[in-house]
>>> print(open('data31.cif').read())   # mmCIF, C-alpha atoms
data_final
#
loop_
_atom_site.group_PDB
_atom_site.id
_atom_site.type_symbol
_atom_site.label_atom_id
_atom_site.label_comp_id
_atom_site.auth_asym_id
_atom_site.auth_seq_id
_atom_site.Cartn_x
_atom_site.Cartn_y
_atom_site.Cartn_z
ATOM 1 C CA MET A 247 105.421 41.931 54.573
ATOM 2 C CA ALA A 248 104.004 45.157 53.114
ATOM 3 C CA TRP A 249 103.396 48.490 54.833
ATOM 4 C CA SER A 250 101.609 51.674 53.901
ATOM 5 C CA THR A 251 103.483 54.982 53.733
ATOM 6 C CA ARG A 252 102.080 56.002 57.107
ATOM 7 C CA ARG A 253 103.041 52.698 58.755
ATOM 8 C CA LEU A 254 106.541 52.748 57.229
ATOM 9 C CA ALA A 255 107.036 56.273 58.555
ATOM 10 C CA GLU A 256 105.881 55.212 62.038
ATOM 11 C CA LEU A 257 108.245 52.229 62.052
ATOM 12 C CA ALA A 258 111.164 54.469 61.073
ATOM 13 C CA GLY A 259 110.224 57.245 63.503
ATOM 14 C CA THR A 260 109.545 59.850 60.851
ATOM 15 C CA THR A 261 106.583 61.274 58.976
ATOM 16 C CA ALA A 262 104.772 60.281 55.792
ATOM 17 C CA LYS A 263 105.646 63.727 54.446
ATOM 18 C CA ALA A 264 109.369 62.962 54.943
ATOM 19 C CA VAL A 265 108.983 59.610 53.152
ATOM 20 C CA ARG A 266 107.330 61.345 50.197
ATOM 21 C CA HIS A 267 110.099 63.966 50.193
ATOM 22 C CA TYR A 268 112.774 61.249 50.099
ATOM 23 C CA HIS A 269 111.010 59.816 47.044
ATOM 24 C CA GLU A 270 110.994 63.244 45.365
ATOM 25 C CA ILE A 271 114.720 63.827 45.843
ATOM 26 C CA GLY A 272 115.676 60.284 44.890
ATOM 27 C CA LEU A 273 116.878 58.979 48.241
ATOM 28 C CA LEU A 274 114.157 56.349 48.581
ATOM 29 C CA ASP A 275 112.924 54.185 45.704
ATOM 30 C CA GLU A 276 109.222 54.092 44.982
ATOM 31 C CA PRO A 277 107.658 50.789 46.076
ATOM 32 C CA GLU A 278 105.350 48.576 44.104
ATOM 33 C CA ARG A 279 101.682 49.413 44.264
ATOM 34 C CA ALA A 280 98.853 47.134 45.251
ATOM 35 C CA SER A 281 95.939 46.609 42.862
ATOM 36 C CA ASN A 282 94.073 49.382 44.688
ATOM 37 C CA GLY A 283 96.919 51.844 43.934
ATOM 38 C CA TYR A 284 98.338 52.019 47.460
ATOM 39 C CA LYS A 285 102.102 51.820 47.935
ATOM 40 C CA ARG A 286 103.429 48.607 49.453
ATOM 41 C CA TYR A 287 106.713 49.073 51.256
ATOM 42 C CA GLY A 288 108.950 46.173 52.182
ATOM 43 C CA VAL A 289 111.820 45.533 54.553
ATOM 44 C CA SER A 290 114.375 46.977 52.112
ATOM 45 C CA HIS A 291 112.495 50.300 52.162
ATOM 46 C CA LEU A 292 112.452 50.313 55.955
ATOM 47 C CA VAL A 293 116.194 49.577 56.122
ATOM 48 C CA ARG A 294 116.911 52.340 53.590
ATOM 49 C CA LEU A 295 114.730 54.809 55.471
ATOM 50 C CA LEU A 296 116.441 53.931 58.762
ATOM 51 C CA ARG A 297 119.838 54.448 57.108
ATOM 52 C CA ILE A 298 118.772 57.888 55.839
ATOM 53 C CA ARG A 299 117.430 58.764 59.292
ATOM 54 C CA ARG A 300 120.669 57.681 60.977
ATOM 55 C CA LEU A 301 122.773 59.889 58.723
ATOM 56 C CA THR A 302 120.481 62.893 59.070
ATOM 57 C CA ASP A 303 120.340 62.405 62.844
ATOM 58 C CA LEU A 304 124.143 62.615 62.804
ATOM 59 C CA GLY A 305 123.830 65.957 61.021
ATOM 60 C CA VAL A 306 124.491 64.903 57.435
ATOM 61 C CA ALA A 307 122.552 67.082 55.001
ATOM 62 C CA LEU A 308 120.095 65.195 52.791
ATOM 63 C CA ALA A 309 122.017 66.339 49.714
ATOM 64 C CA ASP A 310 125.185 64.728 51.137
ATOM 65 C CA VAL A 311 123.623 61.352 52.035
ATOM 66 C CA PRO A 312 124.545 59.647 48.729
ATOM 67 C CA ALA A 313 128.130 60.953 48.937
ATOM 68 C CA VAL A 314 128.548 59.790 52.534
ATOM 69 C CA GLU A 315 127.183 56.374 51.645
ATOM 70 C CA SER A 316 129.769 56.049 48.881
ATOM 71 C CA GLY A 317 132.567 55.920 51.457
ATOM 72 C CA ASP A 318 135.055 57.747 49.210
ATOM 73 C CA GLU A 319 137.338 60.650 50.116
ATOM 74 C CA ARG A 320 134.519 63.166 49.686
ATOM 75 C CA ALA A 321 132.483 61.173 52.227
ATOM 76 C CA ARG A 322 135.363 61.313 54.699
ATOM 77 C CA GLN A 323 135.732 65.072 54.139
ATOM 78 C CA ILE A 324 132.008 65.654 54.721
ATOM 79 C CA LEU A 325 132.241 63.697 57.979
ATOM 80 C CA ARG A 326 135.420 65.547 59.072
ATOM 81 C CA ASP A 327 133.728 68.895 58.382
ATOM 82 C CA LEU A 328 130.667 67.795 60.315
ATOM 83 C CA ASP A 329 132.855 66.661 63.210
ATOM 84 C CA ALA A 330 134.656 70.036 63.254
ATOM 85 C CA GLU A 331 131.289 71.843 63.318
ATOM 86 C CA LEU A 332 130.130 69.689 66.204
ATOM 87 C CA ALA A 333 133.373 70.276 68.130
ATOM 88 C CA ALA A 334 132.997 74.052 67.691
ATOM 89 C CA ASP A 335 129.363 73.844 68.791
ATOM 90 C CA ILE A 336 130.293 71.800 71.871
ATOM 91 C CA GLU A 337 132.993 74.331 72.794
ATOM 92 C CA ARG A 338 130.532 77.214 72.347
ATOM 93 C CA ARG A 339 127.920 75.468 74.487
ATOM 94 C CA GLN A 340 130.458 74.662 77.212
ATOM 95 C CA ARG A 341 131.457 78.348 77.286
ATOM 96 C CA MET A 342 127.765 79.255 77.534
ATOM 97 C CA ARG A 343 127.372 76.885 80.493
ATOM 98 C CA ARG A 344 130.374 78.440 82.262
ATOM 99 C CA ASP A 345 128.948 81.922 81.655
ATOM 100 C CA LEU A 346 125.539 80.877 82.971
ATOM 101 C CA ALA A 347 127.115 79.275 86.052
ATOM 102 C CA ALA A 348 129.031 82.468 86.789
ATOM 103 C CA ILE A 349 125.876 84.550 86.445
ATOM 104 C CA MET A 350 123.822 82.163 88.596
ATOM 105 C CA ASP A 351 126.532 82.161 91.270
ATOM 106 C CA ASN A 352 126.496 85.981 91.171
ATOM 107 C CA ARG A 353 130.152 86.014 90.301
ATOM 108 C CA ALA A 354 129.552 87.881 87.064
ATOM 109 C CA ALA A 355 127.346 90.688 85.883
ATOM 110 C CA LEU A 356 124.902 89.907 83.113
ATOM 111 C CA ASP A 357 126.736 92.099 80.629
ATOM 112 C CA MET A 358 130.311 91.099 81.495
ATOM 113 C CA PRO A 359 132.177 87.975 80.402
ATOM 114 C CA PRO A 360 132.730 85.764 83.455
ATOM 115 C CA ASP A 361 136.523 86.117 83.199
ATOM 116 C CA PHE A 362 136.103 89.770 84.102
ATOM 117 C CA ARG A 363 134.032 89.038 87.238
ATOM 118 C CA THR A 364 135.256 91.765 89.542
ATOM 119 C CA LEU A 365 137.914 93.301 87.319
ATOM 120 C CA ALA A 366 135.435 95.655 85.693
ATOM 121 C CA ASP A 367 133.476 96.619 88.804
ATOM 122 C CA ASP A 368 135.290 99.929 89.293
ATOM 123 C CA LEU A 369 135.491 100.896 85.621
ATOM 124 C CA PRO A 370 133.405 103.760 84.243
ATOM 125 C CA GLU A 371 130.363 102.713 82.219
ATOM 126 C CA THR A 372 131.997 103.603 78.896
ATOM 127 C CA GLN A 373 134.930 101.289 79.598
ATOM 128 C CA ARG A 374 132.577 98.523 80.784
ATOM 129 C CA SER A 375 130.688 98.916 77.508
ATOM 130 C CA LEU A 376 133.929 98.560 75.578
ATOM 131 C CA LEU A 377 134.688 95.345 77.467
ATOM 132 C CA VAL A 378 131.309 93.953 76.459
ATOM 133 C CA ALA A 379 132.031 94.799 72.822
ATOM 134 C CA TYR A 380 135.589 93.446 73.016
ATOM 135 C CA SER A 381 134.405 90.158 74.496
ATOM 136 C CA SER A 382 132.424 89.427 71.355
ATOM 137 C CA ILE A 383 135.096 90.322 68.789
ATOM 138 C CA LEU A 384 138.513 89.645 70.311
ATOM 139 C CA THR A 385 140.288 86.304 70.191
ATOM 140 C CA PRO A 386 140.667 84.318 73.421
ATOM 141 C CA ASP A 387 144.366 85.313 73.556
ATOM 142 C CA ALA A 388 143.508 88.998 73.219
ATOM 143 C CA ILE A 389 140.844 88.667 75.921
ATOM 144 C CA ALA A 390 143.413 86.993 78.203
ATOM 145 C CA ALA A 391 145.854 89.876 77.590
ATOM 146 C CA LEU A 392 143.139 92.410 78.363
ATOM 147 C CA GLN A 393 142.200 90.498 81.505
ATOM 148 C CA GLU A 394 145.854 90.470 82.605
ATOM 149 C CA GLN A 395 146.114 94.196 81.991
ATOM 150 C CA LEU A 396 143.008 94.895 84.055
ATOM 151 C CA SER A 397 144.134 92.663 86.912
ATOM 152 C CA GLY A 398 147.382 94.645 87.298
ATOM 153 C CA PRO A 399 147.685 97.764 89.417
ATOM 154 C CA ARG A 400 145.502 100.597 88.182
ATOM 155 C CA GLY A 401 145.832 104.152 89.338
ATOM 156 C CA ASP A 402 143.581 107.111 88.878
ATOM 157 C CA LEU A 403 143.958 107.760 85.168
ATOM 158 C CA GLU A 404 142.727 111.353 85.380
ATOM 159 C CA ALA A 405 145.254 112.119 88.129
ATOM 160 C CA GLU A 406 148.017 110.571 86.035
ATOM 161 C CA PHE A 407 147.100 112.736 83.044
ATOM 162 C CA ALA A 408 146.922 115.820 85.273
ATOM 163 C CA ALA A 409 150.399 115.048 86.639
ATOM 164 C CA LEU A 410 151.642 114.522 83.112
ATOM 165 C CA GLY A 411 150.250 117.956 82.198
ATOM 166 C CA ALA A 412 152.123 119.520 85.111
ATOM 167 C CA VAL A 413 155.361 117.903 83.923
ATOM 168 C CA PHE A 414 154.850 119.306 80.416
ATOM 169 C CA LYS A 415 154.061 122.767 81.864
ATOM 170 C CA CYS A 416 157.214 122.669 83.990
ATOM 171 C CA HIS A 417 159.280 121.506 81.026
ATOM 172 C CA ALA A 418 157.899 124.329 78.862
ATOM 173 C CA HIS A 419 158.716 126.881 81.592
ATOM 174 C CA ILE A 420 162.305 125.611 81.862
ATOM 175 C CA ARG A 421 162.751 125.797 78.062
ATOM 176 C CA SER A 422 161.306 129.312 78.043
ATOM 177 C CA GLU A 423 163.728 130.489 80.732
ATOM 178 C CA ALA A 424 166.588 128.802 78.926
ATOM 179 C CA ARG A 425 165.778 130.836 75.797
ATOM 180 C CA VAL A 426 165.603 134.102 77.817
ATOM 181 C CA THR A 427 168.958 133.343 79.438
ATOM 182 C CA ALA A 428 170.510 132.444 76.096
ATOM 183 C CA ALA A 429 169.193 135.633 74.512
ATOM 184 C CA SER A 430 170.739 137.860 77.242
#
>>> encode(input="data31.cif", output="structure tokens")
Amino acid sequence: MAWSTRRLAELAGTTAKAVRHYHEIGLLDEPERASNGYKRYGVSHLVRLLRIRRLTDLGVALADVPAVESGDERARQILRDLDAELAADIERRQRMRRDLAAIMDNRAALDMPPDFRTLADDLPETQRSLLVAYSSILTPDAIAALQEQLSGPRGDLEAEFAALGAVFKCHAHIRSEARVTAAS
């Protein structure tokens, strides 16, 4: 059985351009040519092309296909690295889905991470902006600590600083009077 480049590509679910590229980079052997000069691909070419497609569909880079096919330790490392990438991508996409669900359920503002649903509602805009920035650079543990801190009791920070100022003023007055008394 002999197929043209176009027909081989169709059978393998790829393009003739991809088949030609695989020839150029040495992944697919050139077939014999008919007397009219056309390529004549056989079953072995189809099987090879399907094998290449399977590996690339799994995420293996074309440059790594020969190494993965060798089955040695480098092949196992390439596959472990690929698996780790996929696991990280799955985790990122699951987080994205949770964020989208929180936004669609109106439990989270568009700019806030969903874990901060109502915790940031009463914060000034500058602090909300910091939370947005923190959510993209802090580790999950640091975010959890920040979330815990925000969920605890919060007073009026300005009032607390004002009270602190009054304490310092009182303390300064007492020290001043102590010096006057000591000098007399």
>>> resolve_selection(input="data31.cif", expression="the PyMOL selection byres ((chain A and resi 312) around 12)", output="NGL selection string")
:A and (268 or 271-274 or 294 or 297-298 or 301-302 or 306-311 or 313-318 or 320-321 or 324)
>>> residues_around(input="data31.cif", residues="Lys263 in chain A", least_positions_apart="5", cutoff="12 Å", atoms="only C-alpha atoms", output="ChimeraX atom specification")
/A:251-252,254-256,268-270
>>> atom_distance(input="data31.cif", atom1="CA of Asp303 in chain A", atom2="CA of Ala333 in chain A")
16.1 Å
>>> atom_distance(input="data31.cif", atom1="CA of Val289 in chain A", atom2="CA of Met247 in chain A")
7.3 Å
>>> closest_residue(input="data31.cif", among="A:Asp335, A:Leu377, A:Leu296, A:Arg266", to="Ile389 in chain A", atoms="all atoms listed in the file")
A:Leu377
>>> residues_near_point(input="data31.cif", point="(107.3, 53.1, 59.6)", cutoff="10 Å", atoms="all atoms listed in the file", output="list in words")
Trp249, Ser250, Thr251, Arg252, Arg253, Leu254, Ala255, Glu256, Leu257, Ala258, Gly259, Thr260, Thr261, Ala262, Val265, Tyr287, His291, Leu292, Leu295 and Leu296 of chain A
